[in-house]
Each structure stands twice: as C-alpha cells, then as structure tokens.
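Participant: After the structure tokens below, expect a handful of questions from me.
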Amino acid sequence: MRIIIVEDEAVTRRWVRKKIEELDINYHVTGEFVNGKQALEYCREHEVEVVFTDIRMAVMDGLEFLDRLKNERIAQPYKVILSAYDEFHYARQAIKAGANEFILKPEITKEGMKTTLEEAKRFLEKSRTKDSKAACGSEPERRRITMEKLLETGTTEQQREEVLRGLENRGIALKEEGIVLLSISLSGEEKGDAALEVAELFMQEEHISGICASIEEGEYLLLYNPSLHMDREVFSGKLEALLRHNLGTEVYIGISVKKDGFHHLRDMLRQARMARENRTFFRLPGIWRYDAMTVNSGSGHGDLYYAVEMREILAAVEKNDFESAEEKMKGILEDIEGRIVLPPAYVKALCIEILSSCIRKARTYALTAAEVEEVRRTEMMFCERFRTLQDLKNWTYAGMAELRRICEIKSSLNQYSGPVRDIIGYVKQNYTQKISLEQVSSLVHLNKSYVSVLFKKETGEKFSDFLLRVRLEESRRLLGATRKSIQEIAGMAGFPDAAYFSRAFKERYGKSPMEYRKGI
C-alpha cells in the first residue's frame, strides 16, 4: 500500500511513519511533504493509495489540498486528516473536501493506525472491485454500477473512457455530445426489473443509444443521446406512455437540460430529480422538464410568484392581524395547485417564510415553557421533506393556527384586567376540559356574578360565548389539519358530543363540519 504524509512538523511526520511501518512490510510511505502544494504535484505523477494530511500548513493547507485533489482526474486515495483538538471544528469542511477519516494527533498509536489502514484497505478494495462486479454480475447490476461510475465526481477521464468502452462492447455507443438524463419513479408496488426492460426495448426499437439503471429504491435513471427525429420531450412522453400501459402504473418522469460532457452529470441528476419531484409533489403523473420550472411570475416587473401577497401577509402578521394573514395564506396555497411550473422547494420556502414571521412575532412575547416548546417544534419541521403539496399545506395550516393561537392569547391579555387575563389564559389552555363560570370565578377569587359582568364589559362577549368560540376555532383548525372523524374532533375540542358540536358549528359558520371540510 503506497502512503504519503503531508505535515509541516518533522517530529509528527516521523512519528506517523514509524507507527505505519511497524505494522506491516506491505505498508510503504513513499513520500513526505511539508505542504499541500508539494503533495498535490506528487499525486499527479505517482499512484497514491492513502494520504495522511495535517490541516494548518503554509503555502497550501490540508483542506485546500484535499479539495483540489478531489477534482484531479486520478484514482482517488483514502484520505485521513491528522487533527489537533482545537482543529476538530474543521470536520465539516474536511468532509466536503473528501476526507474519509480523522485521527487526533495525541491519539496516534500503533493499534489506532492499524484500524485506520485496515479501513483504507477495505475502501480501496471496494473501489477496485466495482468494475469487476459490473463485468460478472447480472445485467441490471452491471447497468447500476456503470451508471454509478459515470455519476461519481471522483471518476477520472481514463476510468470514464473504460466505462464507455464497456458500453460499446455491449452495443451502446453513448457519446458526450448532447446527453440527457431522466429520473423516473412509479407509483404502487415495486415492479422489479420490468421498467428497465421496457426502457431498454424502447431505446432499441427507436435506435437510440442509452442506458437505464435502478439507482435508489423506487428511482430509475436513464441516460441517452436524443436522436434528430425525437427530441427529449417526445422521447420521454412515449416512454411514459409505454411504462404506464405495460406496467399498469402511474409514471413520473423528470427531464434534465441537454448538455455536452459527462462532467455535467451530477448537475443533470439534480435537475432531473427536481423536475420529477415537481410531478410527485403536485400528484400529477407524467413528464416535466427542468427548464420549464420557474419562480418568476412573468408579470414584466421581475417579481417572483406571490411577492405582493407575501408582503401583505408579513405586514398583517406584524400588526397581529392573523385573520387576514391566514386568509391570504390559504389563498396562495389554493392557487399554487394550478402552478405546476413552481419548484416544490420554492413553495416550501414561501410557507417557511410565513411561519417564520409568525415565530418572530410569538417570540416578542413572554412565552410559557409549553409555548416555547410548541414554537420550537414548528421550527424544527422546517427541515422536514414534504412529498406532496397536500402534506405541506396540512403542516402549514396547523403551524399557522398554533402560532396564531399563542400570539392572540399574548396580545389579548395586555388589553384586560388581571382577573380577565387569567380567565382567558386558563380557557385557552384547558378548553378540552369541562369548564364553568363558577370554576373560573373560584380561580380568580371573585364572585360569580361580578366575574360575569366584568368579563362581558371588557371582552364584549359573555363567558359562555367566549368558551364556545375558542372550542369552535380549534375544531375548525382540526378539520383542516387532520383526517380525524367528527366524533374525535368534537372530543378534542372540548364538546360533550358530536351532535352538539355539529349544531354549534353550523350556527357559527353556516356549514356542517363535514361540509366545511369538503370545501377546504
């Protein structure tokens, strides 16, 4: 195994070399360098299998060295960072630069070095056997490994030429000029290799050079050269129809832009996947081109979609006018259903921006521990991946309703006397329980009749009407945010039975709970 050490401290270099060479006569330290520039030049001229590198070095540090080495058209070695304790915060940068492992300098031992080099050996063996597996495995397995090899960022020009020669030997003359990548998924049960077979037969029938492979569970990638008589949209449309007809399933296909050069493949993969996810997000089977997606409304002013509405929503939240904000937000999300040109990530970003403004507003108040936790839970969902527009809408409606509830409680409390504030806070925290005027009067240590008059005077509504309104508003939120039964929602909102709940709901909103849910 050929190993190099990149370290500007002479003692550390010797220490690492000593520990390596004590292990096995087959471990050879073929080079020692004091900076990344020297090491990079060496790697360009000599085969290197393992690199040990420091981070802080003059001329070219370890992170820059690894980053530049990753982009070299050479076989990639196993890369180990030699790190001091106070350098461990560089871990994320080093991983991006291609580091495989970290070793803390104070912990360099013979046993630790043995473990590292054994891991390096496994890594190198795995890399070397990919091509041999492709040669002797099943046809779907060979296609998968071939596709992975083409997509790998570390694949050298020489390795890629070998892959292309292997394809030519199998009758597939794939050229660099004018390549297109498709990302394909099917609904329903797993179809095994059937989708691959249909795609391969279709390309043979149309005399088109390409390769189709199953990469991730539920996803197929098809890389091909379009012909003069069939552009990428026509090709994808015919393939979608064949898959749907022969496999009896809904088909979602994303199409990348047309590019020259296999070095574009990683970016083309991102494009194709984003276009496919657009179809699954809107639950519309069929094909979609990446270059058909946009976030610009085309209004002539360069505005993004819903820019005006978003400004209105954020202004309404700032003024505590949550009713207007919620109404406008629902209008946007209903309109989006017909805007399939929008990338799912953009739609999610709109929802996050709205909820973020609500969170900022909530945090201007003194929140209870329970309220802080509720805000935190909503914020943590920002990282969640929503597969469909309906999933995103349900989450946004629920988050908006909860944040609105918190903000309205806090803002309303400032308008009232201490006893009324306490009563309002108690009701909004305990509306699911049985609550009476006598109970809340006892809570604030006042006479029941006095509390009744005081509450009506300050809030403008009777205590019983206020309690009913709180429960009805919560039930309306649950109807939109969940698929629970009317009976379950009645109980969750604090109503004694579904019949009373339905009557009260229709009196207030003019629709039964079921009619309201159907109209959402």
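In the structure tokens, chains take the letters A, B, ... in the order shown, each chain's residues start at 1, and ligands count up from 1 in the order shown.
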Considering only C-alpha atoms, return as a PyMOL selection string whatever protein or nucleic-acid residues lie within 7 Å of A:Leu223, sequence-local ones (same chain, fewer than 5 positions apart) excluded.
Facilitator: chain A and resi 179-182+210-212
Participant: For A:Tyr42, work out the shell of residues within 10 Å, counting only C-alpha atoms and skipping chain neighbours fewer than 5 positions away, then give it as an MDAnalysis selection string.
Facilitator: chainID A and resid 4 31:33 36:37 47:48
Participant: Assign secondary structure with DSSP using the backbone only, and return the residues of stretch 184-299 of chain A in strand (DSSP E) as an MDAnalysis selection string.
Facilitator: chainID A and resid 184:186 210:214 220:224 251:255 286:289
Participant: Report as a list in words all protein, DNA and RNA residues lying within 6 Å of A:His28, evaluated on only C-alpha atoms, omitting residues in the same chain fewer than 2 positions from it.
Facilitator: Met1, Arg2, Ile3 and Thr30 of chain A
Participant: Using only C-alpha atoms, pick whichever of A:Gly519, A:Gly480, A:Gly331, A:Gly98 has the shortest atom-to-atom distance to A:Gly399.
Facilitator: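 Using only C-alpha atoms, the shortest distance to A:Gly399 belongs to A:Gly480.
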Participant: Tell me, as a PDB file with C-alpha atoms, in the first residue's frame, which residues lie within 9 Å of A:Glu473, counting only C-alpha atoms; anything in the same chain fewer than 5 positions away does not count.
Facilitator:
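The resulting file, part.pdb, is shown below:
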ATOM      1  CA  LEU A 468     -67.742  28.195  22.718  1.00  0.00           C
ATOM      2  CA  LEU A 478     -58.552  20.276  13.365  1.00  0.00           C
ATOM      3  CA  ALA A 493     -62.147  20.496  21.030  1.00  0.00           C
TER       4      ALA A 493
END
Participant: Could you list, as a ChimeraX atom specification, every residue within 7 Å of stretch 161-175 of chain A, counting only C-alpha atoms and ignoring same-chain residues fewer than 4 positions away?
Facilitator: /A:146,157,209-210,224-225
Participant: Write out as a JSON list (two decimals) with N, CA and C atoms, in the first residue's frame each polymer residue whose atoms come within 9 Å of A:Leu66, counting only C-alpha atoms; drop sequence neighbours fewer than 5 positions from it.
Facilitator:
[["chain", "number", "residue", "atom", "x", "y", "z"],
["A", 36, "GLY", "N", 0.59, 21.18, 1.17],
["A", 36, "GLY", "CA", -0.30, 20.54, 0.22],
["A", 36, "GLY", "C", 0.12, 20.69, -1.22],
["A", 40, "LEU", "N", 0.29, 17.62, -3.80],
["A", 40, "LEU", "CA", -0.59, 17.58, -4.97],
["A", 40, "LEU", "C", 0.22, 17.29, -6.23],
["A", 53, "THR", "N", -2.85, 13.82, 6.12],
["A", 53, "THR", "CA", -2.53, 15.24, 5.99],
["A", 53, "THR", "C", -2.94, 16.05, 7.21],
["A", 61, "ASP", "N", -2.87, 24.69, 2.60],
["A", 61, "ASP", "CA", -3.24, 23.92, 3.78],
["A", 61, "ASP", "C", -3.92, 22.61, 3.40],
["A", 71, "ASN", "N", -10.74, 16.96, -7.20],
["A", 71, "ASN", "CA", -11.10, 17.34, -8.57],
["A", 71, "ASN", "C", -10.05, 16.92, -9.61],
["A", 79, "LYS", "N", -8.34, 9.24, 2.32],
["A", 79, "LYS", "CA", -7.80, 10.49, 2.85],
["A", 79, "LYS", "C", -8.05, 10.57, 4.36],
["A", 94, "ALA", "N", -13.75, 19.52, 6.00],
["A", 94, "ALA", "CA", -12.89, 18.44, 5.52],
["A", 94, "ALA", "C", -13.71, 17.34, 4.85],
["A", 97, "ALA", "N", -14.49, 18.32, 1.50],
["A", 97, "ALA", "CA", -13.30, 18.23, 0.66],
["A", 97, "ALA", "C", -12.91, 16.79, 0.36],
["A", 98, "GLY", "N", -13.61, 15.82, 0.92],
["A", 98, "GLY", "CA", -13.39, 14.41, 0.59],
["A", 98, "GLY", "C", -12.66, 13.59, 1.62],
["A", 99, "ALA", "N", -12.48, 14.12, 2.85],
["A", 99, "ALA", "CA", -11.79, 13.35, 3.89],
["A", 99, "ALA", "C", -12.62, 12.12, 4.27]]
Participant: If DSSP is run on the backbone, what residues of stretch 182-218 of chain A are alpha helix (DSSP H)? A reply as a list of chain:residue names would be ideal.
Facilitator: A:Ala194, A:Ala195, A:Leu196, A:Glu197, A:Val198, A:Ala199, A:Glu200, A:Leu201, A:Phe202, A:Met203, A:Gln204, A:Glu205
Participant: Interatomic distance between atom CA of A:Leu437 and atom CA of A:Ile409?
Facilitator: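 So the two atoms, atom CA of A:Leu437 and atom CA of A:Ile409, lie 19.2 Å apart.
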